[in-house]
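Visitor: Structure file input.tsv (TSV, C-alpha atoms and all ligand atoms) is given on the next line.
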```
chain	number	residue	atom	x	y	z
A	1	MET	CA	50.53	-43.21	-50.62
A	2	ARG	CA	52.80	-44.77	-47.97
A	3	TYR	CA	51.94	-44.51	-44.27
A	4	PHE	CA	54.05	-44.54	-41.13
A	5	GLU	CA	53.37	-44.98	-37.44
A	6	VAL	CA	55.02	-42.28	-35.34
A	7	ARG	CA	56.83	-43.98	-32.48
A	8	SER	CA	59.11	-42.98	-29.61
A	9	LEU	CA	62.83	-43.59	-30.02
A	10	HIS	CA	63.94	-47.17	-29.43
A	11	ASP	CA	65.38	-47.86	-25.98
A	12	GLY	CA	69.06	-47.06	-25.92
A	13	VAL	CA	68.93	-44.48	-28.74
A	14	GLU	CA	70.35	-41.21	-27.46
A	15	PRO	CA	67.84	-38.34	-27.84
A	16	GLN	CA	68.99	-35.19	-29.64
A	17	TRP	CA	66.68	-32.87	-27.74
A	18	SER	CA	66.34	-32.09	-24.04
A	19	GLY	CA	62.70	-30.98	-24.07
A	20	GLU	CA	60.31	-32.42	-21.48
A	21	TYR	CA	56.78	-31.50	-20.52
A	22	ARG	CA	54.26	-32.54	-17.92
A	23	GLY	CA	50.61	-31.85	-18.32
A	24	GLU	CA	47.06	-33.01	-18.49
A	25	HIS	CA	44.13	-32.15	-20.68
A	26	ARG	CA	41.63	-29.73	-19.24
A	27	TRP	CA	38.69	-32.16	-19.13
A	28	HIS	CA	38.43	-35.93	-18.61
A	29	LEU	CA	35.90	-38.70	-18.54
A	30	SER	CA	37.00	-41.28	-15.98
A	31	GLY	CA	36.96	-44.99	-16.66
A	32	VAL	CA	33.83	-47.08	-16.10
A	33	ASP	CA	33.57	-49.77	-13.44
A	34	CYS	CA	31.76	-52.55	-15.28
A	35	PRO	CA	29.79	-54.91	-13.00
A	36	ARG	CA	30.98	-57.87	-15.12
A	37	PHE	CA	34.58	-57.08	-16.19
A	38	GLY	CA	35.75	-54.36	-13.79
A	39	PRO	CA	37.18	-50.95	-14.68
A	40	TRP	CA	38.06	-50.03	-18.25
A	41	ALA	CA	39.06	-46.86	-20.07
A	42	TRP	CA	40.02	-45.91	-23.60
A	43	MET	CA	42.69	-43.36	-24.31
A	44	ASP	CA	41.03	-41.05	-26.80
A	45	ALA	CA	42.37	-37.48	-26.63
A	46	PHE	CA	40.61	-34.71	-28.48
A	47	PRO	CA	42.36	-31.48	-27.52
A	48	SER	CA	40.33	-29.51	-30.08
A	49	VAL	CA	37.06	-30.25	-28.26
A	50	ASP	CA	36.00	-27.35	-26.03
A	51	LEU	CA	33.82	-28.36	-23.06
A	52	SER	CA	33.91	-24.99	-21.31
A	53	ALA	CA	30.15	-24.63	-21.83
A	54	VAL	CA	29.44	-27.86	-19.90
A	55	VAL	CA	28.78	-26.98	-16.27
A	56	GLU	CA	29.97	-30.15	-14.56
A	57	PRO	CA	32.97	-29.88	-12.20
A	58	VAL	CA	33.74	-33.62	-12.25
A	59	LEU	CA	35.02	-33.27	-15.84
A	60	ALA	CA	37.86	-31.05	-14.59
A	61	GLU	CA	38.43	-33.09	-11.40
A	62	PRO	CA	37.81	-36.73	-12.30
A	63	LYS	CA	37.41	-39.04	-9.32
A	64	GLY	CA	38.37	-42.43	-10.75
A	65	PRO	CA	36.22	-45.23	-12.22
A	66	MET	CA	32.51	-44.43	-12.19
A	67	SER	CA	29.27	-46.36	-12.38
A	68	VAL	CA	27.60	-47.08	-15.71
A	69	ALA	CA	24.75	-44.70	-14.78
A	70	GLU	CA	27.16	-41.83	-14.03
A	71	TYR	CA	29.06	-42.53	-17.24
A	72	ASN	CA	25.85	-42.37	-19.28
A	73	ARG	CA	24.89	-39.10	-17.58
A	74	LEU	CA	28.25	-37.49	-18.45
A	75	VAL	CA	28.21	-38.75	-22.05
A	76	THR	CA	24.83	-37.06	-22.53
A	77	LEU	CA	26.32	-33.75	-21.32
A	78	VAL	CA	29.47	-34.00	-23.44
A	79	ARG	CA	28.12	-35.47	-26.70
A	80	PRO	CA	26.68	-32.22	-28.16
A	81	PHE	CA	30.15	-30.61	-28.06
A	82	VAL	CA	32.01	-33.45	-29.79
A	83	PRO	CA	31.98	-33.72	-33.61
A	84	PRO	CA	29.59	-36.52	-34.64
A	85	GLU	CA	32.34	-38.58	-36.34
A	86	LEU	CA	34.24	-38.88	-33.05
A	87	PRO	CA	33.42	-41.40	-30.31
A	88	VAL	CA	32.75	-40.37	-26.70
A	89	ARG	CA	34.16	-43.17	-24.54
A	90	ALA	CA	35.22	-43.66	-20.94
A	91	GLY	CA	38.80	-42.54	-20.33
A	92	ALA	CA	38.68	-39.82	-23.00
A	93	SER	CA	40.24	-36.43	-22.48
A	94	PHE	CA	39.38	-33.12	-24.07
A	95	GLY	CA	40.68	-29.58	-24.36
A	96	PRO	CA	44.21	-28.23	-24.38
A	97	MET	CA	47.05	-29.80	-22.42
A	98	ILE	CA	47.90	-27.70	-19.36
A	99	GLY	CA	51.19	-28.00	-17.53
A	100	THR	CA	54.88	-27.11	-17.57
A	101	ALA	CA	57.77	-27.56	-20.00
A	102	GLN	CA	61.53	-27.24	-19.95
A	103	GLY	CA	64.49	-27.78	-22.27
A	104	LYS	CA	64.67	-27.62	-26.04
A	105	PHE	CA	62.20	-29.35	-28.32
A	106	GLY	CA	62.74	-30.76	-31.79
A	107	PRO	CA	60.23	-30.27	-34.63
A	108	MET	CA	58.26	-33.33	-33.47
A	109	THR	CA	58.18	-35.20	-30.15
A	110	CYS	CA	56.51	-38.53	-29.38
A	111	ASN	CA	56.69	-39.07	-25.65
A	112	PRO	CA	54.70	-40.68	-24.11
A	113	PRO	CA	54.32	-42.98	-27.14
A	114	TRP	CA	50.63	-42.21	-27.62
A	115	ARG	CA	51.06	-38.43	-27.92
A	116	VAL	CA	52.61	-36.39	-30.74
A	117	VAL	CA	53.73	-32.82	-30.06
A	118	LEU	CA	54.78	-30.36	-32.76
A	119	ARG	CA	56.88	-27.25	-32.47
A	120	GLU	CA	55.21	-24.10	-33.79
A	121	ASP	CA	57.34	-23.92	-36.96
A	122	ALA	CA	56.42	-27.52	-37.81
A	123	VAL	CA	52.71	-26.70	-37.57
A	124	GLU	CA	53.21	-23.65	-39.77
A	125	LEU	CA	55.16	-25.60	-42.39
A	126	LEU	CA	52.62	-28.44	-42.53
A	127	LYS	CA	49.83	-25.91	-43.03
A	128	ALA	CA	51.78	-23.87	-45.59
A	129	GLU	CA	52.40	-27.04	-47.60
A	130	GLY	CA	48.68	-27.76	-47.58
A	131	LEU	CA	48.75	-31.04	-45.68
A	132	LYS	CA	45.30	-32.34	-44.85
A	133	GLY	CA	43.84	-33.21	-41.46
A	134	VAL	CA	46.41	-31.37	-39.35
A	135	ILE	CA	44.55	-30.43	-36.14
A	136	ALA	CA	47.18	-28.97	-33.84
A	137	VAL	CA	46.09	-27.46	-30.53
A	138	ARG	CA	48.35	-25.07	-28.67
A	139	MET	CA	49.46	-26.53	-25.33
A	140	GLU	CA	49.25	-24.23	-22.30
A	141	LEU	CA	52.67	-24.96	-20.85
A	142	ARG	CA	54.46	-22.70	-18.40
A	143	SER	CA	58.21	-22.45	-18.82
A	144	ARG	CA	60.97	-20.53	-17.12
A	145	ARG	CA	62.50	-19.78	-20.50
A	146	SER	CA	60.75	-16.84	-22.14
A	147	THR	CA	62.07	-17.83	-25.57
A	148	MET	CA	60.51	-21.29	-25.61
A	149	PRO	CA	58.59	-21.73	-28.87
A	150	ALA	CA	54.93	-22.65	-28.55
A	151	LEU	CA	54.16	-26.37	-28.63
A	152	TYR	CA	51.09	-27.97	-30.16
A	153	GLU	CA	49.48	-31.32	-29.54
A	154	LEU	CA	48.60	-33.13	-32.75
A	155	GLU	CA	45.08	-34.51	-32.57
A	156	ALA	CA	44.82	-37.94	-34.18
A	157	ARG	CA	41.20	-38.78	-34.81
A	158	PRO	CA	40.61	-42.55	-34.68
A	159	LEU	CA	39.19	-42.73	-38.20
A	160	ALA	CA	41.13	-45.66	-39.71
A	161	ARG	CA	40.97	-49.32	-38.63
A	162	LEU	CA	43.42	-52.16	-38.43
A	163	HIS	CA	42.72	-55.01	-40.85
A	164	PRO	CA	40.53	-57.67	-39.15
A	165	ASP	CA	42.98	-60.41	-40.28
A	166	CYS	CA	45.79	-58.98	-38.15
A	167	ILE	CA	43.56	-58.47	-35.08
A	168	GLY	CA	42.25	-62.07	-35.11
A	169	GLU	CA	43.16	-63.71	-31.80
A	170	TRP	CA	43.92	-60.36	-30.05
A	171	LYS	CA	40.24	-59.48	-29.78
A	172	THR	CA	38.12	-58.93	-26.63
A	173	PRO	CA	34.34	-58.98	-27.12
A	174	ALA	CA	32.02	-56.03	-26.48
A	175	CYS	CA	30.07	-55.80	-23.22
A	176	ASP	CA	26.33	-55.23	-23.19
A	177	LEU	CA	26.19	-54.19	-19.52
A	178	CYS	CA	28.39	-51.11	-19.79
A	179	GLY	CA	28.54	-50.51	-23.53
A	180	LYS	CA	32.27	-51.18	-23.88
A	181	PRO	CA	32.94	-51.71	-27.57
A	182	GLU	CA	34.85	-54.66	-28.96
A	183	SER	CA	38.54	-54.09	-28.28
A	184	PHE	CA	41.91	-55.68	-28.97
A	185	SER	CA	45.52	-55.71	-27.86
A	186	LEU	CA	47.85	-54.17	-30.40
A	187	PRO	CA	49.02	-57.02	-32.64
A	188	PRO	CA	52.83	-56.95	-33.01
A	189	LYS	CA	52.42	-57.54	-36.76
A	190	ARG	CA	49.73	-55.24	-38.06
A	191	TRP	CA	48.43	-53.48	-41.15
A	192	LEU	CA	45.65	-51.03	-41.96
A	193	LEU	CA	42.36	-51.84	-43.63
A	194	ARG	CA	42.85	-49.82	-46.80
A	195	SER	CA	39.15	-49.07	-47.31
A	196	SER	CA	39.01	-47.43	-43.86
A	197	ILE	CA	41.76	-44.87	-44.52
A	198	PRO	CA	40.27	-41.39	-44.82
A	199	GLU	CA	40.78	-40.13	-48.36
A	200	GLY	CA	43.62	-37.61	-48.67
A	201	LEU	CA	44.34	-37.21	-44.94
A	202	ASP	CA	48.01	-36.85	-43.95
A	203	ILE	CA	47.48	-37.63	-40.26
A	204	PHE	CA	44.95	-39.82	-38.48
A	205	GLY	CA	44.57	-42.27	-35.63
A	206	ILE	CA	43.56	-45.93	-35.57
A	207	ASP	CA	40.33	-46.85	-33.80
A	208	GLY	CA	41.10	-48.80	-30.62
A	209	ALA	CA	44.90	-48.44	-30.95
A	210	ASN	CA	47.41	-45.82	-29.88
A	211	PRO	CA	49.80	-45.35	-32.81
A	212	ARG	CA	49.39	-42.13	-34.76
A	213	VAL	CA	49.68	-42.58	-38.52
A	214	VAL	CA	51.15	-40.00	-40.88
A	215	SER	CA	51.68	-39.95	-44.63
A	216	GLU	CA	55.02	-40.04	-46.40
A	217	ARG	CA	54.44	-36.38	-47.31
A	218	PHE	CA	54.02	-35.52	-43.61
A	219	VAL	CA	57.31	-37.26	-42.73
A	220	GLU	CA	59.21	-35.48	-45.52
A	221	THR	CA	57.79	-32.09	-44.57
A	222	VAL	CA	58.68	-32.34	-40.86
A	223	GLN	CA	62.15	-33.72	-41.66
A	224	ARG	CA	62.96	-30.50	-43.53
A	225	LEU	CA	63.17	-28.78	-40.12
A	226	GLY	CA	65.95	-31.10	-38.96
A	227	PRO	CA	66.07	-34.18	-36.75
A	228	SER	CA	63.28	-35.13	-34.32
A	229	ASP	CA	63.43	-37.65	-31.50
A	230	VAL	CA	60.90	-39.95	-33.17
A	231	HIS	CA	61.03	-43.17	-35.10
A	232	TYR	CA	58.86	-43.86	-38.15
A	233	GLN	CA	57.65	-47.40	-38.73
A	234	GLU	CA	56.01	-48.03	-42.09
A	235	ILE	CA	52.55	-49.59	-41.85
A	236	ASP	CA	51.05	-51.38	-44.81
A	237	ALA	CA	47.48	-51.00	-46.02
A	238	ARG	CA	45.59	-53.88	-47.67
B	1	ZN	ZN	30.92	-54.10	-19.21
```
Translate this file's structure into structure tokens.
Ligand SMILES: [Zn+2]

Guide:
Amino acid sequence: MRYFEVRSLHDGVEPQWSGEYRGEHRWHLSGVDCPRFGPWAWMDAFPSVDLSAVVEPVLAEPKGPMSVAEYNRLVTLVRPFVPPELPVRAGASFGPMIGTAQGKFGPMTCNPPWRVVLREDAVELLKAEGLKGVIAVRMELRSRRSTMPALYELEARPLARLHPDCIGEWKTPACDLCGKPESFSLPPKRWLLRSSIPEGLDIFGIDGANPRVVSERFVETVQRLGPSDVHYQEIDAR
């Protein structure tokens, strides 16, 4: 199986679609202000996670970096509603994207670069073709155009890992004061650790890194609906 990172168009490439949206997820955990290293936040987004049963207004109205104690309090509230295989980390967002949209959207959109949005017919085709791991959550976007097709955010669970050999020098150690895990800057030359790739999944994320990874089958299926304003970059697995 070949894998591809989904990326935004290169600078200077003219987009084919006019669609734009603005929005935010319904719930957020702010970043943590670490007494040793200062504020940090990860960018996990799990739109499928429903926190409506958690009675804590600060999740809907985050107030910026919080203390380690406050962070630990909120994680305890949120954890029972998040699937056990997913991390709960500072900076994470949950629930559907809420906002506005305008223009016309292609089958797949990747803008900002860490978010993949699918048009409704793309979601239906991926499901009809039996692709695995497609978690697409309907975005709650207001639009002046009544004919705008529904848009879905593609959840990319950070289940795979980059190969340790390509992370090497890009690594930052973990912190025992605030619980920040070991992290790294995205190495310009990178490849996946093959043994970490979830068996049979056609879409997944990389732990600690933004790019969303899709299978060759995923790319071929979405391309049947015509051009998208995205760029696919093959990523090796060793
Ligand atoms: Zn720390």

Visitor: Quick one: residues within 8 Å of Leu186 in chain A, all atoms listed in the file counted, chain neighbours fewer than 5 positions away excluded, as a PyMOL selection string?

Guide: chain A and resi 167+170+209

Visitor: Write out as a ChimeraX atom specification the residues lying within 10 Å of Pro39 in chain A, counting only C-alpha atoms and excluding same-chain residues fewer than 4 positions away.

Guide: /A:30-35,64-67,90

Visitor: What would the file look like if the residues just selected were written as a PDB file, keeping the file's coordinate frame with C-alpha atoms?

Guide:
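Produced file selection-v3.pdb, reproduced below:
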```
ATOM      1  CA  SER A  30      37.000 -41.280 -15.980  1.00  0.00           C
ATOM      2  CA  GLY A  31      36.960 -44.990 -16.660  1.00  0.00           C
ATOM      3  CA  VAL A  32      33.830 -47.080 -16.100  1.00  0.00           C
ATOM      4  CA  ASP A  33      33.570 -49.770 -13.440  1.00  0.00           C
ATOM      5  CA  CYS A  34      31.760 -52.550 -15.280  1.00  0.00           C
ATOM      6  CA  PRO A  35      29.790 -54.910 -13.000  1.00  0.00           C
ATOM      7  CA  GLY A  64      38.370 -42.430 -10.750  1.00  0.00           C
ATOM      8  CA  PRO A  65      36.220 -45.230 -12.220  1.00  0.00           C
ATOM      9  CA  MET A  66      32.510 -44.430 -12.190  1.00  0.00           C
ATOM     10  CA  SER A  67      29.270 -46.360 -12.380  1.00  0.00           C
ATOM     11  CA  ALA A  90      35.220 -43.660 -20.940  1.00  0.00           C
TER      12      ALA A  90
END
```

Visitor: Residues within 6 Å of ligand ZN 1 (chain B) should be enumerated using all atoms listed in the file and returned as a short mmCIF file (atom, residue, chain, number, x, y, z; two decimals) with C-alpha atoms, keeping the file's coordinate frame.

Guide:
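Output saved as out.cif:
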```cif
data_model
loop_
_atom_site.label_atom_id
_atom_site.label_comp_id
_atom_site.auth_asym_id
_atom_site.auth_seq_id
_atom_site.Cartn_x
_atom_site.Cartn_y
_atom_site.Cartn_z
CA CYS A 34 31.76 -52.55 -15.28
CA ARG A 36 30.98 -57.87 -15.12
CA PHE A 37 34.58 -57.08 -16.19
CA CYS A 175 30.07 -55.80 -23.22
CA LEU A 177 26.19 -54.19 -19.52
CA CYS A 178 28.39 -51.11 -19.79
CA LYS A 180 32.27 -51.18 -23.88
#
```

Visitor: Please, which residues are within 9 Å of (41.8, -46.5, -21.6) by the file's coordinates, counting all atoms listed in the file, and could they come as a count of residues only?

Guide: 10

Visitor: Counting only C-alpha atoms, which residues sit no farther than 7 Å from the position (40.2, -57.8, -29.3) in the file's frame? I'd like them as a ChimeraX atom specification.

Guide: /A:167,170-173,182-185

Visitor: Calculate how many Å separate CA of Val6 in chain A from CA of Thr147 in chain A, rounding to one decimal.

Guide: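 Taking CA of Val6 in chain A as the start and CA of Thr147 in chain A as the end point, the length is 27.3 Å.
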
Visitor: Using only C-alpha atoms, which residue out of A:Pro62, A:Met1, A:Arg7, A:Pro181 lies closest to Gln233 in chain A?

Guide: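 When distances to Gln233 in chain A are compared using only C-alpha atoms, the smallest one comes from A:Arg7.
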
Visitor: Between A:Glu129, A:Glu70, A:Asp202, A:Asp229, single out the one closest to Pro112 in chain A, counting all atoms listed in the file.

Guide: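 Among A:Glu129, A:Glu70, A:Asp202, A:Asp229, it is A:Asp229 that comes nearest to Pro112 in chain A.
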
Visitor: For each of A:Val58, A:Leu126, A:Ile206, A:Val219, take the minimum atom-to-atom distance to Arg157 in chain A, counting only C-alpha atoms, then give the residue where this is smallest.

Guide: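 Once distances to Arg157 in chain A are computed over only C-alpha atoms, the minimum belongs to A:Ile206.
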